[in-house]
>>> print(open('start.cif').read())   # mmCIF, C-alpha atoms
data_final
#
loop_
_atom_site.label_atom_id
_atom_site.label_comp_id
_atom_site.auth_asym_id
_atom_site.auth_seq_id
_atom_site.Cartn_x
_atom_site.Cartn_y
_atom_site.Cartn_z
CA MET S 1 0.00 0.00 0.00
CA GLY S 2 1.00 3.64 -0.30
CA ASP S 3 1.79 3.77 3.42
CA GLY S 4 4.15 0.79 3.19
CA THR S 5 1.86 -1.80 4.78
CA MET S 6 1.49 -5.21 3.15
CA ALA S 7 -1.72 -5.91 1.25
CA ARG S 8 -2.93 -9.02 -0.54
CA LEU S 9 -4.87 -8.38 -3.74
CA THR S 10 -6.10 -10.74 -6.41
CA ARG S 11 -5.06 -10.18 -10.01
CA SER S 12 -8.47 -8.79 -10.84
CA GLU S 13 -8.36 -6.44 -7.84
CA LEU S 14 -4.98 -5.20 -9.00
CA ARG S 15 -6.30 -4.66 -12.51
CA ALA S 16 -9.21 -2.64 -11.14
CA ASP S 17 -6.81 -0.49 -9.11
CA ILE S 18 -4.59 0.15 -12.13
CA GLU S 19 -7.54 1.03 -14.34
CA GLU S 20 -8.91 3.38 -11.71
CA GLY S 21 -5.52 5.04 -11.09
CA THR S 22 -4.86 5.77 -14.73
CA ALA S 23 -8.44 6.90 -15.39
CA LEU S 24 -8.41 9.38 -12.50
CA ALA S 25 -5.02 10.79 -13.52
CA ALA S 26 -6.10 11.12 -17.14
CA LYS S 27 -9.25 12.96 -16.17
CA ARG S 28 -7.53 15.28 -13.71
CA ALA S 29 -4.57 16.25 -15.91
CA LYS S 30 -6.40 15.99 -19.23
CA VAL S 31 -3.88 13.50 -20.63
CA PRO S 32 -4.39 10.09 -22.26
CA ALA S 33 -4.90 7.08 -20.00
CA LEU S 34 -2.48 4.16 -20.25
CA GLU S 35 -2.96 1.91 -23.27
CA PRO S 36 -4.29 -1.65 -22.71
CA ASP S 37 -0.84 -3.21 -23.24
CA GLU S 38 0.65 -0.78 -20.72
CA ILE S 39 -2.01 -1.66 -18.17
CA GLU S 40 -1.22 -5.33 -18.76
CA HIS S 41 2.49 -4.60 -18.23
CA VAL S 42 1.85 -2.79 -14.93
CA LEU S 43 -0.37 -5.67 -13.87
CA ASP S 44 2.36 -8.23 -14.58
CA ILE S 45 4.85 -6.23 -12.52
CA TYR S 46 2.52 -5.83 -9.55
CA ALA S 47 0.97 -9.31 -9.67
CA SER S 48 4.31 -11.00 -9.26
CA ALA S 49 4.77 -12.74 -5.91
CA ALA S 50 8.52 -12.21 -6.10
CA ARG S 51 10.15 -10.32 -3.25
CA PHE S 52 12.25 -8.35 -5.72
CA THR S 53 12.09 -7.46 -9.38
CA ALA S 54 14.38 -5.74 -11.87
CA VAL S 55 14.68 -4.46 -15.41
CA ASP S 56 16.03 -6.71 -18.16
CA LEU S 57 19.79 -6.83 -18.76
CA GLY S 58 20.83 -3.90 -20.91
CA GLU S 59 17.83 -1.78 -19.94
CA GLU S 60 19.49 -0.13 -16.93
CA ALA S 61 19.14 3.62 -16.45
CA ILE S 62 21.05 6.38 -14.68
CA LEU S 63 20.42 7.03 -11.01
CA SER S 64 20.74 10.69 -10.07
CA CYS S 65 21.20 10.13 -6.38
CA ASP S 66 20.19 13.16 -4.35
CA GLY S 67 21.06 13.40 -0.70
CA THR S 68 24.02 11.02 -0.93
CA GLY S 69 26.44 13.34 0.87
CA MET S 70 24.35 14.19 3.90
CA LYS S 71 26.27 12.74 6.87
CA THR S 72 23.95 9.77 7.15
CA HIS S 73 26.47 7.26 8.45
CA ALA S 74 29.89 8.94 8.42
CA THR S 75 31.29 12.26 7.23
CA ARG S 76 29.68 13.70 4.13
CA GLN S 77 32.82 12.91 2.13
CA GLN S 78 32.78 9.31 3.36
CA ASP S 79 29.07 9.04 2.63
CA MET S 80 29.65 10.06 -0.97
CA GLN S 81 32.56 7.64 -1.26
CA SER S 82 30.37 4.87 0.13
CA PHE S 83 27.71 5.60 -2.45
CA GLU S 84 30.35 5.67 -5.18
CA GLN S 85 32.31 2.58 -4.11
CA TRP S 86 29.62 0.37 -2.54
CA MET S 87 26.22 1.53 -3.73
CA GLY S 88 26.83 1.89 -7.46
CA ALA S 89 25.73 5.53 -7.55
CA ASP S 90 26.09 7.04 -11.01
CA LEU S 91 26.48 10.51 -9.53
CA VAL S 92 26.58 11.86 -6.00
CA GLU S 93 25.30 14.98 -4.38
CA LEU S 94 26.79 17.12 -1.64
CA CYS S 95 24.20 18.83 0.53
CA VAL S 96 23.42 19.79 4.10
CA GLY S 97 20.76 18.09 6.19
CA ASP S 98 18.46 21.13 6.24
CA TYR S 99 18.73 21.30 2.43
CA SER S 100 17.20 24.81 2.29
CA LEU S 101 18.71 27.44 0.01
CA LYS S 102 18.45 30.19 2.58
CA VAL S 103 20.33 28.10 5.15
CA VAL S 104 23.05 27.14 2.69
CA ARG S 105 23.48 30.75 1.60
CA THR S 106 24.90 31.61 5.03
CA ILE S 107 27.55 28.86 4.93
CA LEU S 108 28.35 28.95 1.24
CA PRO S 109 32.15 29.40 1.52
CA TYR S 110 32.41 26.36 3.80
CA GLU S 111 30.25 24.28 1.49
CA ALA S 112 32.33 25.29 -1.51
CA GLN S 113 35.55 24.35 0.26
CA TYR S 114 34.07 20.96 1.15
CA LEU S 115 33.01 20.32 -2.42
CA HIS S 116 36.39 21.44 -3.77
CA ASP S 117 38.24 18.99 -1.51
CA ALA S 118 35.76 16.18 -2.10
CA GLN S 119 36.12 16.47 -5.88
CA LEU S 120 39.79 15.52 -5.57
CA GLN S 121 38.81 12.16 -4.08
CA MET S 122 35.91 11.11 -6.27
CA VAL S 123 35.46 9.74 -9.78
CA VAL S 124 31.70 9.93 -10.31
CA PRO S 125 30.15 13.33 -11.09
CA MET S 126 29.23 15.48 -8.10
CA GLN S 127 26.42 17.96 -7.93
CA TYR S 128 25.45 20.33 -5.15
CA GLY S 129 21.84 20.04 -4.03
CA VAL S 130 19.44 22.41 -2.33
CA MET S 131 15.73 22.92 -2.15
CA THR S 132 14.61 26.47 -2.78
CA ASN S 133 12.13 26.30 0.13
CA LEU S 134 10.84 29.79 -0.51
CA GLY S 135 8.83 29.76 2.70
CA LEU S 136 11.98 30.47 4.68
CA TYR S 137 12.23 33.85 2.95
CA SER S 138 9.07 34.98 4.77
CA ARG S 139 8.77 36.14 8.38
CA PRO S 140 9.70 35.11 11.01
CA ASP S 141 12.54 33.26 9.25
CA GLY S 142 13.10 35.71 6.41
CA PRO S 143 12.79 39.41 5.58
CA PHE S 144 9.48 39.42 3.70
CA LYS S 145 5.88 39.47 4.89
CA ASN S 146 4.45 36.00 5.39
CA TRP S 147 2.10 35.28 2.51
CA ASN S 148 0.72 32.22 4.28
CA GLU S 149 -0.56 34.53 7.01
CA LEU S 150 -1.74 37.25 4.63
CA LEU S 151 -3.70 35.02 2.27
CA PRO S 152 -6.25 33.76 4.83
CA LEU S 153 -6.82 37.39 5.83
CA GLY S 154 -7.72 38.25 2.25
CA ARG S 155 -4.73 40.58 1.87
CA ILE S 156 -4.02 39.14 -1.55
CA ALA S 157 -2.06 42.05 -3.06
CA GLU S 158 0.28 42.22 -0.07
CA ALA S 159 0.82 38.47 -0.18
CA ARG S 160 1.63 38.56 -3.87
CA GLU S 161 4.04 41.46 -3.42
CA ALA S 162 5.86 39.55 -0.66
CA GLU S 163 6.10 36.44 -2.86
CA GLU S 164 7.51 38.45 -5.76
CA GLU S 165 10.15 40.00 -3.49
CA ALA S 166 11.07 36.57 -2.17
CA VAL S 167 11.45 35.23 -5.71
CA GLU S 168 13.98 37.93 -6.54
CA MET S 169 16.05 37.25 -3.43
CA ALA S 170 15.94 33.48 -3.97
CA VAL S 171 17.08 33.84 -7.58
CA ASP S 172 19.95 36.02 -6.43
CA ASP S 173 20.91 33.41 -3.81
CA MET S 174 20.67 30.54 -6.33
CA VAL S 175 22.92 32.33 -8.78
CA LYS S 176 25.42 33.16 -6.03
CA LEU S 177 25.40 29.47 -5.07
CA ALA S 178 26.03 28.51 -8.69
CA ASP S 179 28.88 31.02 -8.96
CA VAL S 180 30.63 29.69 -5.89
CA MET S 181 30.06 26.01 -6.66
CA TRP S 182 31.25 26.41 -10.25
CA GLU S 183 34.40 28.07 -8.98
CA ALA S 184 34.87 25.21 -6.49
CA GLY S 185 34.60 22.60 -9.26
CA ALA S 186 31.03 21.28 -9.10
CA ASP S 187 29.77 19.24 -12.04
CA GLY S 188 26.22 20.40 -11.56
CA LEU S 189 23.42 21.71 -9.37
CA ASP S 190 20.23 20.10 -8.17
CA TRP S 191 17.25 22.37 -7.52
CA ASP S 192 15.28 19.82 -5.56
CA THR S 193 11.64 19.74 -4.40
CA THR S 194 10.96 22.75 -6.60
CA GLY S 195 7.52 24.27 -6.20
CA ALA S 196 6.97 23.13 -2.61
CA SER S 197 5.93 26.73 -1.96
CA GLY S 198 3.92 26.86 -5.15
CA ASP S 199 4.25 28.92 -8.31
CA PRO S 200 6.63 31.58 -6.87
CA GLU S 201 9.14 28.90 -6.00
CA PHE S 202 8.90 27.25 -9.41
CA LEU S 203 9.44 30.66 -11.00
CA ALA S 204 12.57 31.25 -8.90
CA ALA S 205 14.06 27.93 -10.03
CA LEU S 206 13.27 28.61 -13.70
CA LYS S 207 14.74 32.12 -13.60
CA ALA S 208 17.87 30.94 -11.78
CA THR S 209 18.31 28.06 -14.24
CA GLU S 210 18.13 30.45 -17.18
CA ILE S 211 20.84 32.66 -15.69
CA VAL S 212 23.07 29.71 -14.74
CA ARG S 213 22.80 28.24 -18.22
CA LYS S 214 23.97 31.50 -19.79
CA LYS S 215 26.85 31.94 -17.34
CA TYR S 216 28.03 28.31 -17.29
CA PRO S 217 27.05 26.47 -20.48
CA THR S 218 28.44 23.08 -19.40
CA MET S 219 27.19 23.07 -15.81
CA GLY S 220 24.61 20.39 -15.11
CA VAL S 221 21.29 21.65 -13.75
CA GLU S 222 18.78 19.10 -12.50
CA LEU S 223 15.39 20.54 -11.68
CA GLY S 224 13.29 18.21 -9.58
CA MET S 225 9.74 18.95 -8.53
CA ALA S 226 7.94 18.72 -5.18
CA GLY S 227 4.61 17.52 -6.53
CA GLU S 228 2.72 16.70 -9.68
CA PHE S 229 0.80 19.96 -9.71
CA VAL S 230 2.13 23.53 -9.28
CA LEU S 231 0.13 25.13 -6.50
CA GLY S 232 -1.11 28.65 -7.20
CA MET S 233 0.10 30.39 -4.06
CA HIS S 234 0.35 33.58 -6.13
CA GLY S 235 -1.76 32.62 -9.08
CA GLN S 236 -0.64 35.17 -11.63
CA LEU S 237 3.05 34.43 -12.10
CA GLU S 238 4.23 33.52 -15.59
CA TYR S 239 7.42 32.28 -17.19
CA ASP S 240 7.87 32.75 -20.92
CA GLY S 241 4.22 33.78 -21.18
CA VAL S 242 2.92 30.64 -19.46
CA ARG S 243 0.99 30.88 -16.19
CA LEU S 244 2.70 28.62 -13.68
CA ALA S 245 -0.15 27.85 -11.32
CA GLY S 246 -1.83 24.59 -12.18
CA LEU S 247 0.83 23.12 -14.45
CA TRP S 248 1.14 19.33 -14.71
CA PRO S 249 4.38 17.45 -15.54
CA LEU S 250 4.28 17.94 -19.33
CA GLU S 251 3.85 21.71 -19.07
CA GLN S 252 6.40 21.86 -16.28
CA MET S 253 8.91 19.99 -18.44
CA ARG S 254 8.46 22.35 -21.39
CA LEU S 255 9.42 25.32 -19.22
CA VAL S 256 12.26 23.47 -17.49
CA GLN S 257 13.72 22.61 -20.90
CA LYS S 258 13.24 26.16 -22.11
CA ALA S 259 15.04 27.54 -19.05
CA GLY S 260 18.07 25.38 -19.85
CA ALA S 261 18.07 22.55 -17.32
CA THR S 262 19.91 19.37 -18.32
CA MET S 263 17.70 16.99 -16.33
CA PHE S 264 14.07 17.11 -15.22
CA GLY S 265 12.72 15.23 -12.23
CA PRO S 266 8.93 15.03 -12.35
CA VAL S 267 7.13 14.02 -9.18
CA VAL S 268 3.84 12.29 -8.55
CA ASN S 269 2.95 12.11 -4.88
CA ILE S 270 1.68 8.97 -3.18
CA ASN S 271 -1.87 8.45 -1.97
CA THR S 272 -1.16 6.47 1.20
CA GLY S 273 -4.62 4.92 1.30
CA LYS S 274 -4.34 3.34 -2.15
CA SER S 275 -2.32 0.39 -3.38
CA CYS S 276 1.10 0.82 -4.96
CA ALA S 277 -0.35 -0.45 -8.25
CA TRP S 278 -3.00 2.31 -8.17
CA ASN S 279 -0.33 4.90 -7.39
CA MET S 280 2.01 3.58 -10.09
CA ALA S 281 -0.70 3.72 -12.74
CA ARG S 282 -1.40 7.30 -11.76
CA ALA S 283 2.30 8.26 -11.82
CA LEU S 284 2.90 6.63 -15.20
CA THR S 285 -0.12 8.38 -16.69
CA LEU S 286 0.90 11.83 -15.48
CA ILE S 287 4.55 11.54 -16.55
CA LYS S 288 4.07 9.63 -19.82
CA PRO S 289 3.32 12.74 -21.91
CA CYS S 290 6.79 14.11 -21.03
CA MET S 291 8.60 11.25 -22.72
CA ALA S 292 7.68 11.97 -26.33
CA GLU S 293 8.53 15.68 -26.15
CA ALA S 294 11.59 15.63 -23.91
CA THR S 295 14.93 16.69 -25.34
CA ILE S 296 16.64 16.38 -21.93
CA PRO S 297 16.81 13.33 -19.65
CA ILE S 298 13.71 12.61 -17.56
CA HIS S 299 14.40 11.22 -14.09
CA PRO S 300 11.10 10.64 -12.23
CA ASN S 301 11.47 10.84 -8.47
CA VAL S 302 11.17 7.43 -6.81
CA GLY S 303 12.06 8.28 -3.24
CA MET S 304 9.93 7.94 -0.16
CA GLY S 305 6.34 8.93 -0.88
CA VAL S 306 6.68 9.66 -4.58
CA GLY S 307 6.62 7.77 -7.88
CA GLY S 308 4.87 4.65 -6.63
CA VAL S 309 7.22 4.22 -3.66
CA PRO S 310 5.42 4.06 -0.30
CA MET S 311 5.48 6.89 2.22
CA PHE S 312 7.54 4.93 4.69
CA VAL S 313 11.01 5.64 6.00
CA HIS S 314 12.34 2.14 5.30
CA PRO S 315 11.03 1.46 1.81
CA VAL S 316 9.79 -2.02 1.12
CA VAL S 317 12.10 -3.43 -1.52
CA ASP S 318 9.39 -5.09 -3.60
CA ALA S 319 7.52 -1.80 -3.91
CA ALA S 320 10.61 0.27 -4.74
CA SER S 321 11.93 -2.24 -7.27
CA ARG S 322 8.52 -2.58 -8.94
CA ALA S 323 8.39 1.21 -9.30
CA ALA S 324 11.85 1.34 -10.91
CA LYS S 325 10.96 -1.46 -13.33
CA ALA S 326 7.63 0.09 -14.29
CA PHE S 327 9.08 3.51 -15.05
CA ILE S 328 11.94 2.14 -17.11
CA GLU S 329 10.09 -0.58 -19.01
CA ILE S 330 6.84 1.24 -19.68
CA LEU S 331 7.90 4.88 -20.05
CA LYS S 332 11.55 4.30 -21.10
CA VAL S 333 12.67 6.99 -18.67
CA ASP S 334 16.29 8.17 -18.84
CA GLY S 335 16.96 7.71 -15.15
CA LEU S 336 15.51 7.75 -11.68
CA MET C 1 16.33 3.11 -1.19
CA GLN C 2 19.50 3.67 -3.17
CA GLY C 3 20.52 0.04 -2.80
CA THR C 4 17.15 -1.16 -4.04
CA HIS C 5 17.15 1.04 -7.12
CA THR C 6 20.78 0.20 -7.91
CA GLN C 7 20.02 -3.52 -7.83
CA ALA C 8 16.75 -3.18 -9.72
CA ALA C 9 17.63 -0.69 -12.41
CA GLY C 10 21.00 1.06 -12.07
CA MET C 11 23.99 1.07 -14.39
CA GLY C 12 26.27 0.51 -11.41
CA GLY C 13 28.21 3.76 -11.33
CA MET C 14 31.95 3.13 -11.57
CA ARG C 15 31.43 -0.62 -11.11
CA ALA C 16 30.59 -0.37 -14.81
CA ALA C 17 29.98 2.83 -16.83
CA GLY C 18 27.10 4.55 -15.05
CA ASP C 19 29.24 7.53 -14.06
CA LEU C 20 30.34 8.04 -17.66
CA VAL C 21 26.80 7.98 -19.04
CA ALA C 22 25.67 10.23 -16.19
CA ARG C 23 28.29 12.81 -17.23
CA MET C 24 26.81 12.98 -20.71
CA GLN C 25 23.34 13.50 -19.26
CA MET C 26 24.51 16.18 -16.82
CA THR C 27 26.87 18.09 -19.07
CA ARG C 28 25.29 17.68 -22.49
CA GLY C 29 21.69 16.97 -21.51
CA MET C 30 21.69 13.79 -23.60
CA ARG C 31 18.77 11.36 -23.39
CA LEU C 32 19.67 7.87 -22.16
CA THR C 33 19.95 6.06 -25.48
CA GLU C 34 22.03 8.82 -27.02
CA ALA C 35 24.29 9.08 -23.96
CA LYS C 36 24.87 5.32 -23.84
CA GLN C 37 25.69 5.18 -27.55
CA TYR C 38 28.03 8.17 -27.28
CA VAL C 39 30.03 6.57 -24.47
CA ALA C 40 29.99 3.15 -26.12
CA ASP C 41 31.34 4.60 -29.38
CA LYS C 42 34.11 6.45 -27.57
CA LEU C 43 35.16 3.29 -25.73
CA GLY C 44 34.73 0.82 -28.58
CA VAL C 45 32.16 -1.33 -26.77
CA SER C 46 28.43 -1.93 -27.19
CA ALA C 47 25.80 -0.02 -25.26
CA PHE C 48 24.88 -3.34 -23.63
CA ASP C 49 28.43 -3.70 -22.29
CA LEU C 50 28.21 -0.43 -20.38
CA SER C 51 26.27 -2.04 -17.53
CA ASP C 52 28.50 -5.11 -17.34
CA PRO C 53 31.09 -4.83 -14.56
CA ALA C 54 33.18 -7.68 -15.98
CA VAL C 55 33.60 -5.94 -19.33
CA MET C 56 33.88 -2.42 -17.96
CA SER C 57 36.50 -3.27 -15.34
CA ASP C 58 38.91 -4.10 -18.15
CA VAL C 59 37.84 -1.10 -20.20
CA ARG C 60 38.26 1.26 -17.24
CA ASN C 61 41.67 -0.22 -16.61
CA GLU C 62 42.68 0.26 -20.23
CA TYR C 63 41.63 3.92 -20.31
CA GLY C 64 42.64 4.83 -16.74
CA PHE C 65 39.10 5.66 -15.63
CA GLY C 66 39.48 4.47 -12.05
CA ARG C 67 38.16 1.24 -10.59
CA ILE C 68 36.73 0.17 -7.28
CA HIS C 69 39.41 -1.23 -5.05
CA SER C 70 39.36 -3.33 -1.91
CA TYR C 71 41.86 -5.05 0.34
CA ALA C 72 42.12 -7.94 -2.05
CA ILE C 73 42.18 -5.95 -5.26
CA SER C 74 44.11 -2.72 -5.24
CA HIS C 75 45.51 -0.71 -8.12
CA PRO C 76 48.07 1.66 -6.65
CA ALA C 77 49.80 2.20 -9.98
CA GLN C 78 46.61 3.10 -11.83
CA ALA C 79 44.73 6.37 -12.16
CA ASN C 80 41.98 7.03 -9.66
CA PHE C 81 39.93 9.95 -8.35
CA ILE C 82 41.01 13.28 -9.87
CA GLU C 83 43.62 11.49 -12.02
CA ALA C 84 40.93 9.30 -13.53
CA LYS C 85 38.78 12.33 -14.34
CA PHE C 86 41.58 13.76 -16.49
CA ASN C 87 41.41 10.60 -18.58
CA ILE C 88 37.61 10.55 -18.67
CA SER C 89 37.53 14.15 -19.87
CA ARG C 90 40.03 13.47 -22.64
CA VAL C 91 38.62 10.17 -23.89
CA LEU C 92 34.96 11.19 -23.78
CA ASP C 93 35.78 14.67 -25.07
CA VAL C 94 33.67 16.23 -22.36
CA PRO C 95 34.71 19.13 -20.13
CA ILE C 96 35.00 18.28 -16.43
CA ASN C 97 34.94 21.40 -14.33
CA CYS C 98 37.15 20.20 -11.48
CA VAL C 99 39.75 18.92 -13.95
CA ASP C 100 39.92 22.31 -15.61
CA ARG C 101 40.14 23.96 -12.18
CA PHE C 102 42.90 21.55 -11.18
CA LYS C 103 44.96 22.42 -14.27
CA GLU C 104 44.41 26.11 -13.65
CA ARG C 105 45.34 25.97 -9.97
CA ALA C 106 48.24 23.58 -10.38
CA ARG C 107 49.38 25.96 -13.14
CA PHE C 108 49.42 23.34 -15.84
CA GLU C 109 49.82 24.66 -19.33
CA THR C 110 46.57 24.00 -21.12
CA ALA C 111 47.23 21.17 -23.53
CA PRO C 112 44.84 21.09 -26.50
CA GLY C 113 42.40 18.25 -26.36
CA THR C 114 43.01 17.32 -22.75
CA SER C 115 39.59 18.49 -21.59
#
>>> encode(input="start.cif", output="structure tokens")
Amino acid sequence: MGDGTMARLTRSELRADIEEGTALAAKRAKVPALEPDEIEHVLDIYASAARFTAVDLGEEAILSCDGTGMKTHATRQQDMQSFEQWMGADLVELCVGDYSLKVVRTILPYEAQYLHDAQLQMVVPMQYGVMTNLGLYSRPDGPFKNWNELLPLGRIAEAREAEEEAVEMAVDDMVKLADVMWEAGADGLDWDTTGASGDPEFLAALKATEIVRKKYPTMGVELGMAGEFVLGMHGQLEYDGVRLAGLWPLEQMRLVQKAGATMFGPVVNINTGKSCAWNMARALTLIKPCMAEATIPIHPNVGMGVGGVPMFVHPVVDAASRAAKAFIEILKVDGL
Amino acid sequence: MQGTHTQAAGMGGMRAAGDLVARMQMTRGMRLTEAKQYVADKLGVSAFDLSDPAVMSDVRNEYGFGRIHSYAISHPAQANFIEAKFNISRVLDVPINCVDRFKERARFETAPGTS
């Protein structure tokens, strides 16, 4: 199930869940539902009684491993080396536990020094990861009025003004981070959980990406989302003439590509009360339209609580491996 | 989580050629099939071989791309870490930022075609 608990379903119950998941996603996002052969493929993956499953030989994809250098079990350097040497990570990411842009901004020189030194001792590519977390730019944590307090009071114009000010400061901080990390030797950046604070946060990431791409043409920029749908916390913000509020993965991807990112990480959140098969059908349906149009690699998020992986801190291996197989075999994604 | 996805679907990082394909995605924004074919062509192997640790261990040794070492298997005379990235940059013809920074800070003369 989406909360990580074990459930026993018959093949026909699984089929019903898959059909319902894809139908609901198609209706909500106005995209095509999965084709009958795709539904059959999802069913085969989820009806297997095997404890573990995997893609066919030769069908492996790239794993863009966020959060690998986070001081989980040793120093951050040793964590990244463990992921490189033991865990088969295709790339690693240096980050701090808080992960918020505003927090990192205050310790940027130390972070850059750490990345510089770590790059001397690693082979796999290394990116620096942060989440924009625009909420921290509002009071009491940040300098701007708190739009989450203003909106319920009906002070819409004030809230929007505060969000617009926060976007500008966040973009400035993201570009400063890129400047320093490029100088330190980073291979790329990861703007993670983008849009957690809605359309202003997505706008900040798009604007920063555009600037970074112009300044550093060969710097990797991965833009990963926070959810499948951009919340309209402002409601009127646009990028390249497109209103950001309410965008689904395909429209998100078009703007991410346009801004100059080199990887896009779409997200579909888990419904914890539904089966993993239901959630997977929904995720595949929402992300599938990206695959035909993409000119950059698509790496759907398959961490805890997203992309068909249960919202549980110790992910059940059958659920996580089924999700990986489904994305790669059915959508032909470029990575995870 | 990482272990599960690696076993189920990963290219294996530097156990095989996952790090090399990842570089082409990060730096050039190549889709998976294109990135695999690019690396395979540069190394003279098939795209299928890129996920095979047995094949890629020899290939990485030949090109000086760095290999995983342990107590039993060590390669002290071979390139690893930043040294390996010099070779990766040259062979794949892809810029690697920290290699360029290394050359600049160690005051190497820029040799054409080395990155």
>>> closest_residue(input="start.cif", among="S:Glu164, S:Glu84, S:Glu210, S:Asp117", to="Phe102 in chain C", atoms="all atoms listed in the file")
S:Asp117
>>> residues_near_point(input="start.cif", point="(11.0, 5.9, -21.2)", cutoff="10 Å", atoms="all atoms listed in the file", output="ChimeraX atom specification")
/S:61,287-288,290-292,297-299,326-335 /C:31-33
>>> interface_residues(input="start.cif", of="chain C", to="chain S", cutoff="6 Å", atoms="all atoms listed in the file", output="ChimeraX atom specification")
/C:3,8-13,18-19,26-27,29-32,48,68,81-82,97-98
>>> residues_around(input="start.cif", residues="range 33-41 of chain S", least_positions_apart="5", cutoff="6 Å", atoms="only C-alpha atoms", output="list in words")
Thr22, Ala23, Ala26 and Thr285 of chain S
>>> atom_distance(input="start.cif", atom1="CA of Val256 in chain S", atom2="CA of Glu238 in chain S")
13.0 Å
>>> residues_near_point(input="start.cif", point="(30.9, 8.1, -25.9)", cutoff="9 Å", atoms="all atoms listed in the file", output="MDAnalysis selection string")
chainID C and resid 20:21 24 34:44 91:93
>>> atom_distance(input="start.cif", atom1="CA of Arg76 in chain S", atom2="CA of Leu94 in chain S")
7.3 Å
>>> resolve_selection(input="start.cif", expression="the PyMOL selection byres ((chain C and resi 100) around 10)", output="ChimeraX atom specification")
/S:185 /C:86,89,95-99,101-106,108,110,114-115
>>> axis_aligned_box(input="start.cif", around="range 203-219 of chain S", padding_each_side="6 Å", output="JSON")
{"center_x": 18.9, "center_y": 27.9, "center_z": -14.7, "size_x": 31.0, "size_y": 21.6, "size_z": 23.6}
>>> atom_distance(input="start.cif", atom1="CA of Glu19 in chain S", atom2="CA of Asn271 in chain S")
15.5 Å
>>> resolve_selection(input="start.cif", expression="the PyMOL selection byres ((chain C and resi 56-58) around 10)", output="PyMOL selection string")
chain C and resi 14-17+43+45+49-55+59-68
>>> write_last_selection(input="start.cif", atoms="C-alpha atoms", output="compact mmCIF listing (two decimals), in the frame of the given file")
# COMPACT_ATOMS: atom_id res chain seq x y z
CA MET C 14 31.95 3.13 -11.57
CA ARG C 15 31.43 -0.62 -11.11
CA ALA C 16 30.59 -0.37 -14.81
CA ALA C 17 29.98 2.83 -16.83
CA LEU C 43 35.16 3.29 -25.73
CA VAL C 45 32.16 -1.33 -26.77
CA ASP C 49 28.43 -3.70 -22.29
CA LEU C 50 28.21 -0.43 -20.38
CA SER C 51 26.27 -2.04 -17.53
CA ASP C 52 28.50 -5.11 -17.34
CA PRO C 53 31.09 -4.83 -14.56
CA ALA C 54 33.18 -7.68 -15.98
CA VAL C 55 33.60 -5.94 -19.33
CA VAL C 59 37.84 -1.10 -20.20
CA ARG C 60 38.26 1.26 -17.24
CA ASN C 61 41.67 -0.22 -16.61
CA GLU C 62 42.68 0.26 -20.23
CA TYR C 63 41.63 3.92 -20.31
CA GLY C 64 42.64 4.83 -16.74
CA PHE C 65 39.10 5.66 -15.63
CA GLY C 66 39.48 4.47 -12.05
CA ARG C 67 38.16 1.24 -10.59
CA ILE C 68 36.73 0.17 -7.28
>>> resolve_selection(input="start.cif", expression="the PyMOL selection byres ((chain S and resi 133) around 9)", output="number ranges by chain")
S: 99-102, 130-132, 134-137, 193-197, 201
>>> closest_residue(input="start.cif", among="S:Met233, S:Tyr239, S:Val31, S:Arg15", to="Asn148 in chain S", atoms="only C-alpha atoms")
S:Met233
